[in-house]
Each structure stands twice: as structure tokens, then as C-alpha cells.
Amino acid sequence: MVSFDFTIAILPGWHSTFFPPYFVAGAIYSGFAMVLALAIPLRWVYGLEGLITDQHLDNSAKVMLATGMIVGYAYILEAFTAWYSGNVYEQAVMWNRMTGPYKYYYWSLVFCNIVAPNALWLKRIRSKPALLFASSIVVLTGMWLERFVIIVSSLAQDNLPSSWRVFQATRWDWGTFLGTIGLFLFLFFLFIRLLPMISIFEVRTLLPQAKVEEEAQG
């Protein structure tokens, strides 16, 4: 729904038909990054290595890598479409993102979402939880920057030049942002305190498998 809200808008930088699949891939991408960012510390603190296995982390990293490539393709397609369309307003928006006052945000998100995740091609990166956790934080940072750039850079310079300005976050903006993170962590800690962190079904499935593997190795 959010992607369609952007797509049907006439604002340059939003009016694009590939936003729906682009946002779906981005949601999966950031979703798996968030899963890793939460599961890896939880696994370490509570000693859940036998339930949240290295294979789980490796598979999650592979999905994150695959969806990251889709998101990277969307970035390239966004720039190509603006150029190929011949629409001077779309071209101006993309050029402003790359070279204007928000260029550092734009190139940072390109690094976080396209360049850095390519380290996940290496098995030694995917097999080390600490490096995998760092990768997930980089991706989450990049996805936050992506939303920032999409919303702020398009609204900062719209079709009415008299309303153009550079957005500067106030203390209330930062307070709201940090408050949402605090609220999420509070609810997350409340969840793991009051509800089972691991499904009983998963435990019943994994424990016999582990026993069989242990007997086979013994």
C-alpha cells in the first residue's frame, strides 16, 4: 500500500511503476537484516546455538544477499528510467540526489545496500555471527537512509520552487526517531520475557535431529 501511495503521486521521484516490487524486495531485505540483528545477540546471550543454528544464519544471509541484489537492480533501474524517459523533472530529482545537498545520504545508502552486502558472498563472513551481525546493522542503516532519501529529497524540491528548502532534523525529530527504537526494544524484551522465544514445534523437531546426528558422529 505504501508503494502504491508513492506510485500514484505526481511528485517527481515518486511517480514510478516499479515501486511496488522495489518496496517488496526492500521489505524482505530489511526484514532479514532485522531478524539477524535480533537473533544473533539473542542466540549468544541465552545460549540458543542448538536451536538457532549456524545453518539458519547462513540461509538468512543468503536470502539477504539475494534480495539485496534485487534492491541494487532497482536503484540502477530508477536512475536509468529517469534518464531514458527524457523527463527533465525526473532527471533533476535523480541528479539532485546524487550531487545535491543530500548526496552523502544517497551514496551512503548505495554503499550500505549494494557494496557492503557483497561481502556475504564469502562463506567465512556468513559463518561468523559477529560479522553477520555487523552486516545486518549496515543493511538496516542503508534501508533507513533509502527511506530518508526517497521522502526528503523529493519533497525538498518539488514542482513549486518557492517552497524549496533543505530539511534539517530538529530535536523533536530525533526524539521521535529514538523513541520509536526504544518502544520497539521495550516490546521486544517484553515478548522474550513473557512468551516462548522458540516454538515448541521447532524444539520437538530439532532435538531428535540433533540426537541422530550426534549418534552418527559418535
# chains A, B, ... in the order shown; residues from 1 in each chain; ligands from 1

call {"tool": "closest_atom_pairs", "arguments": {"of": "segment 40-137 of chain A", "to": "segment 162-170 of chain A", "cutoff": "12 Å", "atoms": "only C-alpha atoms", "output": "CSV"}}
result
residue,atom,partner,partner_atom,distance
A:Asn96,CA,A:Val166,CA,11.7
A:Gly100,CA,A:Val166,CA,10.0
A:Pro101,CA,A:Val166,CA,7.4
A:Tyr102,CA,A:Val166,CA,8.7

call {"tool": "write_last_selection", "arguments": {"atoms": "all heavy atoms", "output": "compact mmCIF listing (two decimals), in the first residue's frame"}}
result
# COMPACT_ATOMS: atom_id res chain seq x y z
N ASN A 96 19.84 15.67 -8.42
CA ASN A 96 19.90 16.34 -7.13
C ASN A 96 20.26 15.36 -6.01
O ASN A 96 20.98 15.69 -5.07
CB ASN A 96 18.56 17.01 -6.83
CG ASN A 96 18.57 17.78 -5.52
OD1 ASN A 96 19.39 18.66 -5.30
ND2 ASN A 96 17.65 17.44 -4.62
N GLY A 100 23.41 16.83 -5.07
CA GLY A 100 22.88 17.96 -4.31
C GLY A 100 23.19 17.88 -2.82
O GLY A 100 24.13 17.18 -2.39
N PRO A 101 22.40 18.56 -2.01
CA PRO A 101 22.67 18.61 -0.56
C PRO A 101 22.51 17.27 0.15
O PRO A 101 23.01 17.11 1.26
CB PRO A 101 21.63 19.63 -0.06
CG PRO A 101 20.56 19.65 -1.09
CD PRO A 101 21.25 19.40 -2.39
N TYR A 102 21.83 16.31 -0.50
CA TYR A 102 21.63 15.00 0.12
C TYR A 102 22.52 13.93 -0.51
O TYR A 102 22.24 12.74 -0.37
CB TYR A 102 20.16 14.58 0.00
CG TYR A 102 19.21 15.56 0.65
CD1 TYR A 102 18.45 16.41 -0.12
CD2 TYR A 102 19.10 15.64 2.04
CE1 TYR A 102 17.59 17.33 0.47
CE2 TYR A 102 18.25 16.54 2.63
CZ TYR A 102 17.50 17.39 1.84
OH TYR A 102 16.65 18.29 2.43

call {"tool": "closest_atom_pairs", "arguments": {"of": "segment 120-202 of chain A", "to": "segment 8-29 of chain A", "cutoff": "8 Å", "atoms": "only C-alpha atoms", "output": "CSV"}}
result
residue,atom,partner,partner_atom,distance
A:Met143,CA,A:Gly26,CA,7.6
A:Ile150,CA,A:Gly13,CA,7.2
A:Ser154,CA,A:Gly13,CA,5.8
A:Asp158,CA,A:Leu11,CA,6.7
A:Asn159,CA,A:Leu11,CA,7.5

call {"tool": "select_by_dssp", "arguments": {"residues": "segment 106-184 of chain A", "states": "alpha helix (DSSP H)", "output": "PyMOL selection string"}}
result
chain A and resi 106-110+123-126+129-148+154-156+171-184

call {"tool": "residues_around", "arguments": {"residues": "segment 123-136 of chain A", "least_positions_apart": "3", "cutoff": "7 Å", "atoms": "only C-alpha atoms", "output": "list in words"}}
result
Ala33, Met34, Leu36, Ala37, Ile40, Asp54, Asp58, Ala61, Pro117, Ala119, Leu120, Val139 and Leu140 of chain A

call {"tool": "atom_distance", "arguments": {"atom1": "atom CA of Arg193 of chain A", "atom2": "atom CA of Leu38 of chain A"}}
result
14.5 Å

call {"tool": "residues_around", "arguments": {"residues": "Tyr106 of chain A", "least_positions_apart": "5", "cutoff": "7 Å", "atoms": "only C-alpha atoms", "output": "VMD selection string"}}
result
chain A and resid 97 to 98 149

call {"tool": "closest_residue", "arguments": {"among": "A:Leu178, A:Leu160, A:Ile114, A:Ile151", "to": "Val2 of chain A", "atoms": "only C-alpha atoms"}}
result
A:Ile151

call {"tool": "atom_distance", "arguments": {"atom1": "atom CA of Cys112 of chain A", "atom2": "atom CA of Thr141 of chain A"}}
result
7.0 Å
